[in-house]
Every structure is written in structure tokens, then in C-alpha cells.
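First up is the structure itself, then whatever we jot down about it.
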Amino acid sequence: MKNLIKMLLKKEKRKKGQGQKSKISSAILKRGQEEIGGFAVIIVLVGVIFLLFLGFMLVKDSKERTEDYQIKSFVQSLLHVTTLCEQNGENISVQELIRECQKEADCSYGIKSCFVLNSTLNDILEKSWAVGNAEEFPIQGYQLNITSYGENMVLLRKGTTTSNEYGGSGQILPNELEIYFDVYYN
Amino acid sequence: MVNKLNKQGQMKIQQISFLLIVIFLFFALLGMIFLSYYLKNIKEKANELEEKNAHLLVSKIANSPEFSCGIAYGSSEKTDCVDGDKVMMLKENINKYSDFWGVKSIEIIKIYPEGFNRECTNLTYPKCNSIKLINSSTLGNSASNFVALCRKENYKGEIIDKCELAKLIIRYEEFN
């Protein structure tokens, strides 16, 4: 009888022990789950912040190309300059000379208008934009391109091209004439 | 048993505090990077704005009624075109305008075609290459823009328009 009671008590104790063990393991599991959840929240938060930062950087980097006011005003003013090409007893402007060159017309005394245009533009560019070595001059090169109906009519280049390019927006004249002027800085 | 539990608790607290410190340092670093980038951008923006303001000022002066060609040289109004004859008249009465544009100096230098290398006065104009309007001895920032310098000329008994390429240079005090 005594033996039976002892066995029953032992069984009861074992049962109690097993219950306590399962309670402890479930508490540990719960805590582990909480930690994992917290960790995930932190990772998500950091990820979101990183993405926001990256987005901000990329938006700032894709800045529009700087428009140079000087280049724009240069092209504007250049068109008004009076040239040596004479027609009907009057010296015509660069803008008119471009139109004459497009028509392949001549100036007075049989001088080709395109020849006068090229030499005039070359002279003006030489005097307006000093190109030289990087130590002395900030400008490394330039390119003036006049197109007629999409085809090159005048192309004047000097120096080297760099990635630091500034350009006035293309000046459009009647009869599908377009003027592009780009300056390359170091 | 109690000792062991205490030790475990202390370990946990240490872990959490370490984690908090790491997170704090990470965010602080991120904040510093962001702030330095932002401040650098502000500085660049300020310089850009100042440059833009200066160019706008030159453009404003070139296209103001006292300087601009208006419709005197063609049927339509030309932009970036300065009337040389008008400017010479203005030069004579510049004392009345000395504070009008809020700049330290205004000068127009002829670029093309190259002419006589001397200052324009009533006696030398138009055979000269620079028109000094306001001329202050104090230094300041400068800004320039290309302009077409036009004038009326007598050619074989006829009045004709003649435009040359010039640079309008101003000196101003810093905006900020």
C-alpha cells in the first residue's frame, strides 16, 4: 500500500515538473518572438529611412543642366552685329547674313555670303571666348553649329570638349534655321 | 538559482543597452551625413542664387529704357541690345542716375570689331572701345553679359544702323 502511495506521489511530482517546464519553454518562446518582432521593426524602419535618403540623393543628383545666361545673351547679341557683307548699299546683320548663306547668295562685289559668315563668326568667337590651357583659362573649348533644315550649314569648333558643358538653348530662326552654341569649361 | 536569474537579467539589460547605443549611433551618423549634404546644398544654392541675381541685374540694366535700343533699330524690340547714342547722352547726365540702379560701376566694352583702344567721350565717340558710366573706386563682385551695342551712323549721306558686339560689366555689393 505504502509503495502504491509513493508511486502515485512520484507520478504527481513528475506531472507538476513537466507542467512547469512547458510553461517556462512557452515563456522563452514568447520572449524570442517579441525580440524577433522588434528586430524586424528596426530593420524595416532603417530600410525605409535608407530608401528615403537614397531617393532624396537621387532627386538632387538629376539636376537640370545649368543654363548659362551669358551664352544665351551672346547668341542673341551676335545676331544683331553688323557684318561687312553689303547688299543694296547696306551692311547686313549676322542674322540676315545667315539667311543669305542659306540661299547661297552673294554679297556685293561677288563675295560669297557663306565665306563672309564663316570669317565673321570665327572673328567674333575668337575675341569673345578665350580658350586655352586649364591653368590659365576656365574655358577649354566651344562649338557653334548652325543648321538649315536639320543639316549642318556652319560648324565652328575650337579647343577640346569636356563633360562640363554649358549651352544656350537652340536659337530658332525662320526657314528652319537653328543656332546651337556650347561652351566647355574645365 | 536567484543569482543565476539576476546574472541573466543583467546580461539582457546589457544587450538591450548595447543595441540602443548602436541604433542611436547609426541614426546619429545618418543624420550627420544628411545634415552635411543638406548644408552643402544650401551653400551651393546661395551661390547659384547670387550669380542668378547678378545676371538678372545686368539683364535688367541692358533692357531698361535708359539703355535699350527699343524700336529704333528695326521694327521689333531687340533683346540684349544697347543704344550707344543713348548711353553717351546718359553719360553726360550720369550724376542724376548714380544711385538709380544700385550698382558700383557700369561699363560697356566693345569686343567686335576691334577699334581704337580708348575711352569713349563726346570727342572720341564712336571711335573708342569703352564707355564708363558709373565708376566707383571701391571693389565689389562683378557680373557681365554680352550685348549688341548699336548706333546710328552717317554713311554716304544716309543714316544707317550699325551694331557691334560688346560686354556690359557691372560691379555690385554682395546681396547678403
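We name chains A, B, ... following the order of the C-alpha cells; residues begin at 1 in each chain, and ligands are numbered from 1 as shown.
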With a cut-off of 9 Å and counting only C-alpha atoms, select all residues of chain B in contact with chain A and give the selection as a PyMOL selection string. chain B and resi 23+27+30+34+37+52+55-56+59+78-81+111-114+144-150+160-166
Please list as a list of chain:residue names every residue within 12 Å of B:Leu90, counting only C-alpha atoms and excluding residues in the same chain fewer than 2 positions away.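 Near B:Leu90, the qualifying residues are B:Pro65, B:Glu66, B:Phe67, B:Ser68, B:Asp83, B:Gly84, B:Asp85, B:Lys86, B:Val87, B:Met88, B:Glu92, B:Asn93, B:Ile94, B:Asn95, B:Lys96, B:Tyr97, B:Ser98, B:Ile106, B:Thr121, B:Asn122, B:Ile131, B:Lys132, B:Leu133, B:Ile134.
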Please identify the helix (DSSP H, G or I) residues within chain B (assignment by DSSP from backbone atoms) and present them as a ChimeraX atom specification. /B:2-62,84-92,94-97
Hey, what's within 7 Å of A:Cys107 if we count only C-alpha atoms and toss same-chain stuff fewer than 3 positions away? As a tab-separated table (two decimals) with N, CA and C atoms, in the first residue's frame, please?
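Written file, selection18.tsv:
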chain	number	residue	atom	x	y	z
A	85	CYS	N	29.32	92.27	-95.06
A	85	CYS	CA	28.58	91.90	-96.28
A	85	CYS	C	27.59	93.02	-96.63
A	86	GLU	N	27.77	93.55	-97.81
A	86	GLU	CA	26.93	94.67	-98.25
A	86	GLU	C	25.91	94.19	-99.27
A	87	GLN	N	24.70	94.59	-99.08
A	87	GLN	CA	23.65	94.28	-100.08
A	87	GLN	C	22.77	95.50	-100.24
A	110	GLY	N	30.56	90.25	-105.53
A	110	GLY	CA	30.65	88.80	-105.78
A	110	GLY	C	31.25	87.96	-104.68
A	111	ILE	N	31.34	88.50	-103.48
A	111	ILE	CA	31.90	87.69	-102.37
A	111	ILE	C	30.80	86.76	-101.85
A	112	LYS	N	31.16	85.50	-101.65
A	112	LYS	CA	30.19	84.51	-101.17
A	112	LYS	C	29.76	84.86	-99.74
A	113	SER	N	28.45	84.85	-99.53
A	113	SER	CA	27.93	85.21	-98.20
A	113	SER	C	28.37	84.22	-97.13
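Atom CA of A:Asn186 is positioned 8.2 Å from atom CA of A:Ser163.
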For A:Thr147, which residue among A:Thr160, A:Asn133, A:Asn175, A:Ser119 is the nearest when counting only C-alpha atoms?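 The answer is A:Asn175, which sits nearest to A:Thr147.
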Tell me which protein, DNA and RNA residues are within 7 Å of A:Glu178, counting only C-alpha atoms, leaving out same-chain ones fewer than 6 positions away, and put them as a ChimeraX atom specification. /A:146-148,170-172
Filtering to C-alpha atoms, could you give me those residues as a PDB file, in the first residue's frame?
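And here is the file that came out, out_2.pdb:
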ATOM      1  CA  ILE A 146      24.142  76.490 -87.416  1.00  0.00           C
ATOM      2  CA  THR A 147      21.789  74.064 -89.081  1.00  0.00           C
ATOM      3  CA  SER A 148      19.455  74.576 -92.012  1.00  0.00           C
ATOM      4  CA  GLY A 170      18.968  76.456 -79.503  1.00  0.00           C
ATOM      5  CA  GLN A 171      18.053  79.743 -81.116  1.00  0.00           C
ATOM      6  CA  ILE A 172      15.469  79.156 -83.809  1.00  0.00           C
TER       7      ILE A 172
END
Atom CA of B:Leu20 to atom CA of B:Asn6 measures 20.9 Å
Would you mind reading off the distance between atom CA of A:Val183 and atom CA of B:Val82, one decimal, in Å?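 Atom-to-atom, atom CA of A:Val183 to atom CA of B:Val82, that is 24.3 Å.
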